[in-house]
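Novice: Provided herewith: structure.csv, CSV, C-alpha atoms.
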chain,number,residue,atom,x,y,z
V,5,MET,CA,-17.5,-32.4,-3.7
V,6,ASP,CA,-15.4,-33.9,-0.9
V,7,PRO,CA,-15.7,-31.5,2.1
V,8,SER,CA,-11.9,-31.8,2.7
V,9,THR,CA,-11.2,-30.3,-0.7
V,10,PRO,CA,-8.8,-27.4,-0.3
V,11,ALA,CA,-10.5,-24.0,-0.8
V,12,ALA,CA,-9.4,-20.4,-0.5
V,13,MET,CA,-10.9,-16.9,-0.5
V,14,VAL,CA,-8.7,-13.9,-1.5
V,15,GLU,CA,-10.0,-10.4,-0.7
V,16,GLN,CA,-8.8,-7.4,-2.7
V,17,GLY,CA,-6.3,-9.5,-4.6
V,18,THR,CA,-3.1,-7.7,-5.8
V,19,THR,CA,-3.9,-4.6,-3.8
V,20,ALA,CA,-2.4,-3.2,-0.7
V,21,SER,CA,-5.4,-4.6,1.2
V,22,GLN,CA,-5.0,-8.2,0.0
V,23,ARG,CA,-6.0,-10.8,2.6
V,24,LYS,CA,-6.6,-14.5,2.2
V,25,VAL,CA,-8.1,-17.4,4.0
V,26,ILE,CA,-6.9,-21.0,3.2
V,27,SER,CA,-9.2,-23.7,4.4
V,28,THR,CA,-11.3,-26.6,3.2
V,29,LEU,CA,-14.6,-26.5,1.3
V,30,ALA,CA,-16.4,-27.5,4.5
V,31,THR,CA,-14.9,-24.9,6.8
V,32,LEU,CA,-14.2,-22.0,4.4
V,33,PRO,CA,-17.5,-20.2,4.9
V,34,ASP,CA,-17.0,-20.0,8.7
V,35,ASP,CA,-13.3,-19.2,8.4
V,36,VAL,CA,-14.1,-16.3,6.0
V,37,VAL,CA,-16.7,-14.9,8.4
V,38,ALA,CA,-14.3,-15.2,11.3
V,39,ALA,CA,-11.5,-13.4,9.3
V,40,GLY,CA,-14.0,-10.7,8.3
V,41,LEU,CA,-13.2,-11.0,4.5
V,42,ARG,CA,-15.6,-9.0,2.3
V,43,PRO,CA,-16.2,-8.6,-1.4
V,44,PRO,CA,-14.6,-8.1,-3.8
V,45,ALA,CA,-13.0,-11.5,-3.3
V,46,LEU,CA,-11.9,-14.4,-5.4
V,47,PHE,CA,-12.9,-18.0,-4.5
V,48,ALA,CA,-10.6,-20.9,-5.5
V,49,ILE,CA,-11.2,-24.5,-5.0
V,50,GLY,CA,-9.2,-27.6,-5.7
V,51,PRO,CA,-5.7,-29.0,-5.3
V,52,THR,CA,-4.0,-25.8,-6.6
V,53,VAL,CA,-5.0,-24.1,-3.3
V,54,GLY,CA,-2.5,-26.4,-1.6
V,55,HIS,CA,0.2,-24.6,-3.5
V,56,SER,CA,-0.9,-21.1,-2.4
V,57,ASP,CA,2.4,-20.3,-0.6
V,58,GLU,CA,4.4,-21.1,-3.7
V,59,LEU,CA,2.0,-19.3,-6.0
V,60,ASP,CA,1.6,-16.2,-3.8
V,61,TRP,CA,4.1,-14.0,-5.7
V,62,PHE,CA,2.3,-10.8,-4.8
V,63,SER,CA,2.8,-10.8,-1.0
V,64,ARG,CA,6.5,-11.5,-1.5
V,65,LEU,CA,7.1,-8.3,-3.3
V,66,PRO,CA,9.2,-5.8,-1.2
V,67,LEU,CA,6.4,-3.2,-1.0
V,68,ALA,CA,3.3,-5.5,-0.9
V,69,GLY,CA,0.7,-4.0,1.4
V,70,GLU,CA,1.8,-0.4,0.9
V,71,ARG,CA,-0.6,2.1,-0.6
V,72,LEU,CA,1.4,5.2,-1.3
V,73,VAL,CA,0.3,8.7,-2.2
V,74,VAL,CA,3.0,10.2,-4.5
V,75,PRO,CA,2.7,13.8,-5.5
V,76,ASP,CA,3.7,14.9,-9.0
V,77,ALA,CA,5.6,11.6,-9.5
V,78,ALA,CA,7.4,10.8,-12.7
V,79,GLU,CA,6.0,7.8,-14.6
V,80,VAL,CA,9.2,5.8,-14.0
V,81,VAL,CA,8.9,6.2,-10.3
V,82,VAL,CA,5.2,5.1,-10.3
V,83,ARG,CA,6.0,2.1,-12.4
V,84,ARG,CA,9.0,1.1,-10.2
V,85,LEU,CA,7.0,1.4,-7.0
V,86,GLU,CA,4.1,-0.6,-8.5
V,87,SER,CA,6.4,-3.4,-9.8
V,88,ALA,CA,7.7,-3.7,-6.2
V,89,GLY,CA,4.2,-4.3,-5.0
V,90,ALA,CA,3.0,-0.9,-3.9
V,91,ASP,CA,-0.4,0.4,-4.8
V,92,VAL,CA,0.5,3.9,-6.0
V,93,VAL,CA,-1.9,6.9,-5.9
V,94,PRO,CA,-0.2,9.5,-8.0
V,95,VAL,CA,-1.6,13.0,-7.3
V,96,SER,CA,-1.1,16.4,-8.8
V,97,PHE,CA,-1.8,19.7,-7.2
V,98,PRO,CA,-4.1,21.3,-6.7
V,99,MET,CA,-5.8,18.2,-5.4
V,100,THR,CA,-8.8,17.2,-7.4
V,101,PRO,CA,-12.0,15.7,-6.0
V,102,ALA,CA,-11.3,12.5,-8.1
V,103,ALA,CA,-7.9,12.2,-6.4
V,104,ARG,CA,-9.6,12.4,-3.0
V,105,VAL,CA,-12.0,9.7,-4.0
V,106,VAL,CA,-9.2,7.4,-5.0
V,107,MET,CA,-7.3,8.0,-1.8
V,108,ALA,CA,-10.4,7.2,0.2
V,109,ALA,CA,-11.1,3.9,-1.6
V,110,LEU,CA,-8.5,1.8,0.2
V,111,PRO,CA,-6.3,2.5,3.2
V,112,VAL,CA,-3.4,4.9,2.4
V,113,THR,CA,-0.4,3.5,4.4
V,114,GLY,CA,2.0,6.3,3.5
V,115,CYS,CA,3.4,8.8,1.1
V,116,VAL,CA,6.6,9.7,-0.8
V,117,VAL,CA,7.4,13.4,-0.9
V,118,THR,CA,10.4,15.1,-2.4
V,119,SER,CA,10.1,18.7,-1.3
V,120,ALA,CA,8.8,20.9,1.5
V,121,ALA,CA,6.1,22.1,-0.9
V,122,GLU,CA,4.9,18.6,-1.4
V,123,VAL,CA,4.7,18.1,2.4
V,124,ASP,CA,2.5,21.1,2.6
V,125,TRP,CA,0.2,19.9,-0.2
V,126,VAL,CA,-0.1,16.4,1.3
V,127,HIS,CA,-0.5,17.7,4.9
V,128,ASP,CA,-4.0,18.9,4.3
V,129,GLU,CA,-5.0,15.5,3.1
V,130,ARG,CA,-3.5,13.4,5.9
V,131,GLY,CA,-6.0,12.3,8.4
V,132,GLY,CA,-8.7,12.4,5.8
V,133,PRO,CA,-10.8,9.4,4.6
V,134,GLY,CA,-8.6,6.5,3.6
V,135,TRP,CA,-5.5,7.5,5.5
V,136,ILE,CA,-4.5,5.1,8.3
V,137,GLU,CA,-3.8,6.7,11.6
V,138,ASP,CA,-0.1,6.0,11.7
V,139,ALA,CA,0.8,6.5,8.0
V,140,GLN,CA,4.5,6.6,7.2
V,141,SER,CA,6.2,9.2,5.2
V,142,TRP,CA,9.3,8.7,3.0
V,143,CYS,CA,10.9,12.1,2.5
V,144,VAL,CA,13.5,12.5,-0.2
V,145,GLY,CA,16.0,15.0,1.1
V,146,GLU,CA,16.6,16.8,4.4
V,147,GLY,CA,14.3,19.7,3.5
V,148,ALA,CA,11.2,17.5,3.0
V,149,ALA,CA,11.9,15.5,6.1
V,150,ALA,CA,12.4,18.7,8.2
V,151,ARG,CA,9.1,20.1,7.0
V,152,ALA,CA,7.3,16.9,7.7
V,153,ARG,CA,8.6,16.8,11.2
V,154,GLN,CA,7.7,20.5,11.6
V,155,ARG,CA,4.2,19.7,10.5
V,156,GLY,CA,4.0,17.1,13.3
V,157,TRP,CA,4.1,14.0,11.1
V,158,ARG,CA,5.2,10.9,12.9
V,159,ARG,CA,7.0,8.0,11.3
V,160,VAL,CA,9.1,10.2,9.0
V,161,HIS,CA,11.9,8.4,7.1
V,162,GLU,CA,14.5,10.7,5.6
V,163,LEU,CA,16.0,9.4,2.4
V,164,SER,CA,19.0,10.8,0.6
V,165,SER,CA,18.4,13.2,-2.2
V,166,GLY,CA,20.3,11.4,-4.9
V,167,LEU,CA,18.3,8.1,-4.9
V,168,ASP,CA,17.5,6.4,-8.2
V,169,CYS,CA,14.3,4.4,-8.5
V,170,SER,CA,15.8,1.1,-7.5
V,171,ASN,CA,17.4,2.6,-4.4
V,172,LEU,CA,14.2,4.3,-3.6
V,173,VAL,CA,12.3,1.0,-3.5
V,174,ALA,CA,15.1,-0.6,-1.4
V,175,GLU,CA,15.1,2.3,1.1
V,176,ILE,CA,11.3,2.2,1.5
V,177,ALA,CA,11.3,-1.6,1.9
V,178,GLY,CA,14.1,-1.4,4.5
V,179,THR,CA,12.2,1.1,6.7
V,180,ARG,CA,8.7,-0.4,6.6
V,181,ARG,CA,6.9,-1.2,9.8
Step by step, read the file and then write its structure as structure tokens.

Specialist:
Amino acid sequence: MDPSTPAAMVEQGTTASQRKVISTLATLPDDVVAAGLRPPALFAIGPTVGHSDELDWFSRLPLAGERLVVPDAAEVVVRRLESAGADVVPVSFPMTPAARVVMAALPVTGCVVTSAAEVDWVHDERGGPGWIEDAQSWCVGEGAAARARQRGWRRVHELSSGLDCSNLVAEIAGTRR
């Protein structure tokens, strides 16, 4: 094939850790190594790669790149966060070993908690495998936010108690890094 043929590598596609390299067939191997992309990854080659910005619907979602731990979440909340691009890790308490494995699989960028009790449950997991150092917390209600601050959490965003799912997504998107 022509060495100038457009080529791309997409790592961890449609997850919070998605990264991509757009290049040519000739330079893609070196560009991928330089960017540090690792499997699992998808390789694409041909003229369609030239349309990657137009076709990249996932990274344009309002919560793309977020991997959120959500305790005892209602299914509708999980679906709404996922449809906005977040990779959601719903957990119940007590925390199971399987939930800890899932949290450690990819970087956790934050959590959504709705009560002081949920803050206490999540607190013991923060700083564990998979959690980024500066994970954000979206606390629904004054009580949850106060407890998170009391526990020493940084990057606490207090959200109003009466949020519906659509407003929850908008609030989180509006306070991201």

Novice: Name the closest residue to Val82 of chain V among the candidates V:Val173, V:His55, V:Gly131, V:Asp60; distances are taken between atoms, counting only C-alpha atoms.

Specialist: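 Of the candidates, the smallest distance to Val82 of chain V is held by V:Val173.
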
Novice: Pick from V:Gly134, V:Gly114, V:Pro75, V:Gly147: nearest to Arg159 of chain V, with only C-alpha atoms counted?

Specialist: V:Gly114

Novice: Restricting the calculation to all atoms listed in the file: of V:Gln22, V:Gly166, V:Glu137, V:Gly156, which residue gets closest to Ala90 of chain V?

Specialist: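 For Ala90 of chain V, the nearest of the given residues is V:Gln22.
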
Novice: Which residue, V:Leu59, V:Val95, V:Ala45, V:Leu163, has the smallest gap to Trp142 of chain V when you use all atoms listed in the file?

Specialist: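 Among the listed residues, the smallest separation from Trp142 of chain V belongs to V:Leu163.
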
Novice: Find the spatial neighbours of Pro98 of chain V, counting all atoms listed in the file, within a cut-off of 12 Å - ignore same-chain residues fewer than 6 positions away - and output them as a PyMOL selection string.

Specialist: chain V and resi 75-76+104+121-122+124-126+128-129

Novice: Restricting it to C-alpha atoms, dump the selection as an mmCIF file, keeping the file's coordinate frame.

Specialist:
data_model
loop_
_atom_site.group_PDB
_atom_site.id
_atom_site.type_symbol
_atom_site.label_atom_id
_atom_site.label_comp_id
_atom_site.auth_asym_id
_atom_site.auth_seq_id
_atom_site.Cartn_x
_atom_site.Cartn_y
_atom_site.Cartn_z
ATOM 1 C CA PRO V 75 2.700 13.800 -5.500
ATOM 2 C CA ASP V 76 3.700 14.900 -9.000
ATOM 3 C CA ARG V 104 -9.600 12.400 -3.000
ATOM 4 C CA ALA V 121 6.100 22.100 -0.900
ATOM 5 C CA GLU V 122 4.900 18.600 -1.400
ATOM 6 C CA ASP V 124 2.500 21.100 2.600
ATOM 7 C CA TRP V 125 0.200 19.900 -0.200
ATOM 8 C CA VAL V 126 -0.100 16.400 1.300
ATOM 9 C CA ASP V 128 -4.000 18.900 4.300
ATOM 10 C CA GLU V 129 -5.000 15.500 3.100
#

Novice: Can you work out the spacing between atom CA of Arg180 of chain V and atom CA of Cys143 of chain V in Å, to one decimal?

Specialist: 13.3 Å

Novice: Compile the contact shell of Ser141 of chain V as an NGL selection string: residues with an atom at most 8 Å away, counting all atoms listed in the file, same-chain residues fewer than 5 positions apart removed.

Specialist: :V and (114-117 or 157-161)

Novice: Interatomic distance between atom CA of Gly89 of chain V and atom CA of Pro66 of chain V?

Specialist: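 We find that atom CA of Gly89 of chain V and atom CA of Pro66 of chain V lie 6.5 Å from each other.
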
Novice: Could you name the residues that touch Thr52 of chain V at 10 Å or less, counting only C-alpha atoms, but leaving out those on the same chain fewer than 5 positions away, as a PyMOL selection string?

Specialist: chain V and resi 10-12+59

Novice: Select, from V:Ala103, V:Ile176, V:Ile49, V:Ala149, the residue with the minimum atom-to-atom distance to Val123 of chain V, counting all atoms listed in the file.

Specialist: V:Ala149

Novice: What is the atom CA of Trp135 of chain V-atom CA of Leu110 of chain V distance in Å, reported with one decimal?

Specialist: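 Interatomic distance here is 8.3 Å.
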
Novice: Just checking: using all atoms listed in the file, which residue out of V:Gln154, V:Ser170, V:Thr18, V:Gln140 ends up closest to Ser63 of chain V?

Specialist: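 Of V:Gln154, V:Ser170, V:Thr18, V:Gln140, the one nearest Ser63 of chain V, counting all atoms listed in the file, is V:Thr18.
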